[in-house]
Each structure stands twice: as C-alpha cells, then as structure tokens.
file start-v8.pdb (PDB, C-alpha atoms)
ATOM      1  CA  MET A1368      15.069  -8.930  25.929
ATOM      2  CA  ASP A1369      18.433  -7.301  26.654
ATOM      3  CA  GLY A1370      19.841  -8.606  23.359
ATOM      4  CA  ASP A1371      17.002  -7.108  21.266
ATOM      5  CA  VAL A1372      16.896  -3.580  22.713
ATOM      6  CA  PRO A1373      20.439  -2.486  21.692
ATOM      7  CA  ASN A1374      19.911  -3.943  18.215
ATOM      8  CA  ILE A1375      16.652  -2.026  17.679
ATOM      9  CA  LYS A1376      18.360   1.207  18.644
ATOM     10  CA  LYS A1377      20.814   0.704  15.778
ATOM     11  CA  TRP A1378      18.069   0.061  13.197
ATOM     12  CA  ASN A1379      17.195   2.658  10.545
ATOM     13  CA  ILE A1380      14.325   5.038  11.277
ATOM     14  CA  LEU A1381      11.554   5.668   8.771
ATOM     15  CA  TYR A1382       9.085   8.467   9.547
ATOM     16  CA  PRO A1383       5.831   8.583   7.533
ATOM     17  CA  VAL A1384       6.708  12.177   6.560
ATOM     18  CA  TYR A1385       9.626  10.835   4.476
ATOM     19  CA  ILE A1386       7.239   9.317   1.902
ATOM     20  CA  ASN A1387       4.283  11.724   2.218
ATOM     21  CA  SER A1388       3.458  13.389  -1.116
ATOM     22  CA  LYS A1389       1.594  16.203   0.689
ATOM     23  CA  LYS A1390       4.817  17.408   2.334
ATOM     24  CA  THR A1391       7.593  19.458   0.751
ATOM     25  CA  ILE A1392      11.311  18.696   0.895
ATOM     26  CA  ASP A1393      11.674  21.430   3.526
ATOM     27  CA  GLU A1394       8.960  19.754   5.621
ATOM     28  CA  GLY A1395      10.828  16.445   5.519
ATOM     29  CA  ARG A1396       9.908  14.486   2.384
ATOM     30  CA  ARG A1397      12.892  12.409   1.233
ATOM     31  CA  ILE A1398      11.725  10.998  -2.115
ATOM     32  CA  ASN A1399      10.287  12.451  -5.313
ATOM     33  CA  ALA A1400       6.692  13.674  -4.897
ATOM     34  CA  SER A1401       5.554  11.710  -7.955
ATOM     35  CA  LYS A1402       6.777   8.466  -6.320
ATOM     36  CA  ALA A1403       5.549   9.337  -2.815
ATOM     37  CA  CYS A1404       2.141   8.362  -1.427
ATOM     38  CA  GLU A1405      -0.528  10.442   0.263
ATOM     39  CA  ASN A1406      -0.577  10.530   4.091
ATOM     40  CA  PRO A1407       0.941   7.129   4.989
ATOM     41  CA  THR A1408       0.566   5.770   8.520
ATOM     42  CA  CYS A1409       3.017   3.798  10.644
ATOM     43  CA  ALA A1410       0.767   0.733  10.502
ATOM     44  CA  GLU A1411       0.698   0.807   6.694
ATOM     45  CA  ILE A1412       4.488   1.187   6.550
ATOM     46  CA  GLY A1413       4.860  -1.717   8.981
ATOM     47  CA  ASP A1414       2.578  -3.931   6.878
ATOM     48  CA  CYS A1415       4.612  -3.077   3.780
ATOM     49  CA  CYS A1416       7.834  -3.978   5.596
ATOM     50  CA  SER A1417       6.394  -7.346   6.632
ATOM     51  CA  HIS A1418       5.309  -7.924   3.001
ATOM     52  CA  LEU A1419       8.900  -7.175   1.917
ATOM     53  CA  LYS A1420      10.198  -9.609   4.598
ATOM     54  CA  ILE A1421      12.033  -6.853   6.479
ATOM     55  CA  PRO A1422      11.981  -6.831  10.308
ATOM     56  CA  PHE A1423      10.451  -3.677  11.783
ATOM     57  CA  ALA A1424       9.322  -2.124  15.057
ATOM     58  CA  ILE A1425       6.641   0.571  15.291
ATOM     59  CA  GLU A1426       7.216   3.297  17.883
ATOM     60  CA  ILE A1427       3.926   5.168  18.232
ATOM     61  CA  ASP A1428       4.990   7.418  21.117
ATOM     62  CA  LYS A1429       7.823   9.030  19.135
ATOM     63  CA  ALA A1430       7.342  12.260  17.153
ATOM     64  CA  TYR A1431       8.976  13.700  14.055
ATOM     65  CA  PRO A1432      11.408  16.421  15.223
ATOM     66  CA  ARG A1433      10.473  19.028  12.593
ATOM     67  CA  ASP A1434       6.729  18.599  13.205
ATOM     68  CA  PHE A1435       6.032  17.198  16.673
ATOM     69  CA  MET A1436       2.325  16.741  15.863
ATOM     70  CA  GLN A1437       3.303  13.915  13.486
ATOM     71  CA  ARG A1438       3.321  10.956  15.862
ATOM     72  CA  GLY A1439       4.939   7.591  15.226
ATOM     73  CA  ARG A1440       7.912   6.145  13.431
ATOM     74  CA  VAL A1441       9.039   2.763  12.167
ATOM     75  CA  ARG A1442      12.443   1.232  12.844
ATOM     76  CA  VAL A1443      13.670  -1.200  10.199
ATOM     77  CA  SER A1444      16.662  -3.481   9.884
ATOM     78  CA  LEU A1445      17.941  -3.911   6.332
ATOM     79  CA  LYS A1446      20.831  -6.244   7.208
ATOM     80  CA  ARG A1447      21.278  -9.276   9.400
ATOM     81  CA  GLU A1448      23.981  -9.300  12.050
ATOM     82  CA  ASP A1449      26.353 -11.077   9.663
ATOM     83  CA  GLY A1450      25.894  -8.275   7.095
ATOM     84  CA  THR A1451      23.688 -10.061   4.546
ATOM     85  CA  LEU A1452      20.529  -8.311   3.363
ATOM     86  CA  TYR A1453      17.072  -9.467   4.458
ATOM     87  CA  ASN A1454      15.714  -8.549   1.023
ATOM     88  CA  PRO A1455      18.328  -8.509  -1.770
ATOM     89  CA  ALA A1456      16.237  -6.004  -3.776
ATOM     90  CA  ILE A1457      16.514  -3.431  -0.973
ATOM     91  CA  SER A1458      20.056  -2.458  -0.062
ATOM     92  CA  SER A1459      19.539   1.128   1.162
ATOM     93  CA  ARG A1460      17.058   3.201   3.118
ATOM     94  CA  LYS A1461      16.174   5.187  -0.014
ATOM     95  CA  GLN A1462      15.258   2.003  -1.899
ATOM     96  CA  LEU A1463      13.121   0.924   1.047
ATOM     97  CA  MET A1464      11.278   4.263   1.000
ATOM     98  CA  LEU A1465      10.583   3.913  -2.727
ATOM     99  CA  HIS A1466       9.297   0.332  -2.362
ATOM    100  CA  VAL A1467       7.114   1.200   0.643
ATOM    101  CA  ALA A1468       5.691   4.291  -1.105
ATOM    102  CA  GLU A1469       4.772   2.068  -4.042
ATOM    103  CA  LEU A1470       3.022  -0.502  -1.811
ATOM    104  CA  VAL A1471       1.103   1.820   0.564
ATOM    105  CA  PRO A1472      -1.568   2.953  -1.973
ATOM    106  CA  ARG A1473      -2.386  -0.735  -2.602
ATOM    107  CA  HIS A1474      -2.719  -1.455   1.146
ATOM    108  CA  PRO A1475      -6.011  -3.311   1.849
ATOM    109  CA  GLY A1476      -7.100  -0.912   4.602
ATOM    110  CA  ARG A1477      -6.475   2.096   2.377
ATOM    111  CA  THR A1478      -8.549   0.830  -0.574
ATOM    112  CA  LYS A1479     -11.491  -0.009   1.708
ATOM    113  CA  LYS A1480     -11.387   3.437   3.328
ATOM    114  CA  GLN A1481     -11.410   5.396   0.063
ATOM    115  CA  GLU A1482     -14.141   3.569  -1.878
ATOM    116  CA  PRO A1483     -17.066   3.864   0.581
ATOM    117  CA  GLY A1484     -16.127   7.430   1.538
ATOM    118  CA  SER A1485     -16.112   8.763  -2.017
ATOM    119  CA  ASN A1486     -19.301   6.955  -3.064
ATOM    120  CA  SER A1487     -21.419   7.708   0.008
ATOM    121  CA  ASN A1488     -20.380  11.357   0.337
ATOM    122  CA  ALA A1489     -20.759  12.252  -3.337
ATOM    123  CA  GLY A1490     -24.219  10.710  -3.920
ATOM    124  CA  PRO A1491     -26.430  12.041  -1.090
ATOM    125  CA  SER A1492     -24.704  15.414  -0.780
ATOM    126  CA  LYS A1493     -25.596  16.434  -4.335
ATOM    127  CA  SER A1494     -29.213  15.268  -4.383
ATOM    128  CA  ALA A1495     -30.309  15.972  -0.793
ATOM    129  CA  LYS A1496     -28.712  19.375  -0.276
ATOM    130  CA  GLY A1497     -29.320  20.549  -3.831
ATOM    131  CA  GLY A1498     -33.028  19.650  -3.656
ATOM    132  CA  ARG A1499     -33.640  21.413  -0.346
ATOM    133  CA  LYS A1500     -32.023  24.674  -1.433
ATOM    134  CA  LYS A1501     -34.124  24.948  -4.599
ATOM    135  CA  ARG A1502     -37.458  24.609  -2.799
TER     136      ARG A1502
END
call {"tool": "encode", "arguments": {"input": "start-v8.pdb", "output": "structure tokens"}}
result
Amino acid sequence: MDGDVPNIKKWNILYPVYINSKKTIDEGRRINASKACENPTCAEIGDCCSHLKIPFAIEIDKAYPRDFMQRGRVRVSLKREDGTLYNPAISSRKQLMLHVAELVPRHPGRTKKQEPGSNSNAGPSKSAKGGRKKR
C-alpha cells in the first residue's frame, strides 16, 4: 500500500470538465468544443482509460477547484516507472483527453440511457397532453 500511494499522487489529473462540450474555456474546458463530449462522468472516463489500457484511479470525493459542485476526478498514469508509455498512441495528457472524448459518446451506459429516454418522453407527451388540452 505504501508504494502505491506516492505513485498515485504523481499521476496526471483529468477532471470531467476538461472534456465537457457544455463548458467554455473560461469554465475549464481544455479541448476543442467540436471534439469534446457532452457531460462526461468519472466512471465513463475510467472505463475509457481501461479500454485504452491506461491505469487510472477515480477520486469521487474530490471537486473541481473552479466549480466545487463538480464532484470527482480521475488520476491517470501515462508512463511506467521506467519511462515507457502504457499506450504508445497516447504520449500526452492532451492526446488522452482527445481519445477519451471520442470514446465517451460510444460508452455502453450512455447509449442505453439516451435511447429509452428520447423515445418514451417524446411519444406519450405529444399525444396524451395534446389530446387533453383540446377537449
């Protein structure tokens, strides 16, 4: 345990705000809005890191300093202790953010959440509410 804790403290930090397309640069977004994704979560970022074979640690109790209501961050390690990269395609934090932002919209939990919500809300709301108001 003692060997892991100092290493995690030296890992790079990735807040969900960094890749959130709903945020502005002043609010903390770090990549282009066209490449960013909408409202990513720490769990989704962690799943993307595991898909990319990059070690990560989710810290849910931590908050983003500019907006303390945004809870959670992900610590990632891009390099091994000997200096070699875990994933040769990702050599910097910026490249990691771009890859993760590309993978988050295809996350299995995200696609399941959006499909039932849009279909169930759109269908009954138009017919049920529209019919009652007319009569």
call {"tool": "closest_residue", "arguments": {"input": "start-v8.pdb", "among": "A:His1466, A:Arg1460, A:Arg1397, A:His1418", "to": "Asn1379 of chain A", "atoms": "only C-alpha atoms"}}
result
A:Arg1460
call {"tool": "closest_residue", "arguments": {"input": "start-v8.pdb", "among": "A:Ala1400, A:Val1384, A:Leu1465, A:Val1471", "to": "Arg1440 of chain A", "atoms": "all atoms listed in the file"}}
result
A:Val1384
call {"tool": "closest_residue", "arguments": {"input": "start-v8.pdb", "among": "A:Ala1410, A:Cys1404, A:Ile1386, A:Ile1427", "to": "Met1464 of chain A", "atoms": "all atoms listed in the file"}}
result
A:Ile1386
call {"tool": "resolve_selection", "arguments": {"input": "start-v8.pdb", "expression": "the PyMOL selection byres ((chain A and resi 1401) around 12)", "output": "PDB file with C-alpha atoms, in the coordinates of the input"}}
result
ATOM      1  CA  ILE A1386       7.239   9.317   1.902  1.00  0.00           C
ATOM      2  CA  ASN A1387       4.283  11.724   2.218  1.00  0.00           C
ATOM      3  CA  SER A1388       3.458  13.389  -1.116  1.00  0.00           C
ATOM      4  CA  LYS A1389       1.594  16.203   0.689  1.00  0.00           C
ATOM      5  CA  LYS A1390       4.817  17.408   2.334  1.00  0.00           C
ATOM      6  CA  THR A1391       7.593  19.458   0.751  1.00  0.00           C
ATOM      7  CA  ARG A1396       9.908  14.486   2.384  1.00  0.00           C
ATOM      8  CA  ARG A1397      12.892  12.409   1.233  1.00  0.00           C
ATOM      9  CA  ILE A1398      11.725  10.998  -2.115  1.00  0.00           C
ATOM     10  CA  ASN A1399      10.287  12.451  -5.313  1.00  0.00           C
ATOM     11  CA  ALA A1400       6.692  13.674  -4.897  1.00  0.00           C
ATOM     12  CA  LYS A1402       6.777   8.466  -6.320  1.00  0.00           C
ATOM     13  CA  ALA A1403       5.549   9.337  -2.815  1.00  0.00           C
ATOM     14  CA  CYS A1404       2.141   8.362  -1.427  1.00  0.00           C
ATOM     15  CA  GLU A1405      -0.528  10.442   0.263  1.00  0.00           C
ATOM     16  CA  LEU A1465      10.583   3.913  -2.727  1.00  0.00           C
ATOM     17  CA  ALA A1468       5.691   4.291  -1.105  1.00  0.00           C
ATOM     18  CA  GLU A1469       4.772   2.068  -4.042  1.00  0.00           C
TER      19      GLU A1469
END
call {"tool": "closest_residue", "arguments": {"input": "start-v8.pdb", "among": "A:Pro1455, A:Pro1383, A:Pro1475, A:Pro1432", "to": "Ile1412 of chain A", "atoms": "only C-alpha atoms"}}
result
A:Pro1383
call {"tool": "closest_atom_pairs", "arguments": {"input": "start-v8.pdb", "of": "segment 1403-1430 of chain A", "to": "segment 1441-1450 of chain A", "cutoff": "7 Å", "atoms": "only C-alpha atoms", "output": "tab-separated table"}}
result
residue	atom	partner	partner_atom	distance
A:Cys1409	CA	A:Val1441	CA	6.3
A:Gly1413	CA	A:Val1441	CA	6.9
A:Ile1421	CA	A:Leu1445	CA	6.6
A:Pro1422	CA	A:Ser1444	CA	5.8
A:Phe1423	CA	A:Val1443	CA	4.4
A:Ala1424	CA	A:Arg1442	CA	5.1
A:Ile1425	CA	A:Val1441	CA	4.5
A:Glu1426	CA	A:Val1441	CA	6.0
call {"tool": "residues_around", "arguments": {"input": "start-v8.pdb", "residues": "Arg1433 of chain A", "least_positions_apart": "4", "cutoff": "9 Å", "atoms": "all atoms listed in the file", "output": "list in words"}}
result
Glu1394, Gly1395 and Gln1437 of chain A
call {"tool": "atom_distance", "arguments": {"input": "start-v8.pdb", "atom1": "atom CA of Trp1378 of chain A", "atom2": "atom CA of Leu1463 of chain A"}}
result
13.1 Å
call {"tool": "atom_distance", "arguments": {"input": "start-v8.pdb", "atom1": "atom CA of Gln1462 of chain A", "atom2": "atom CA of Tyr1382 of chain A"}}
result
14.5 Å
call {"tool": "closest_residue", "arguments": {"input": "start-v8.pdb", "among": "A:Lys1429, A:His1474, A:Arg1438, A:Lys1376", "to": "Cys1416 of chain A", "atoms": "all atoms listed in the file"}}
result
A:His1474
call {"tool": "atom_distance", "arguments": {"input": "start-v8.pdb", "atom1": "atom CA of Thr1451 of chain A", "atom2": "atom CA of Tyr1385 of chain A"}}
result
25.2 Å
call {"tool": "closest_residue", "arguments": {"input": "start-v8.pdb", "among": "A:Tyr1431, A:Asp1414, A:Asp1393, A:Tyr1453", "to": "Leu1381 of chain A", "atoms": "all atoms listed in the file"}}
result
A:Tyr1431
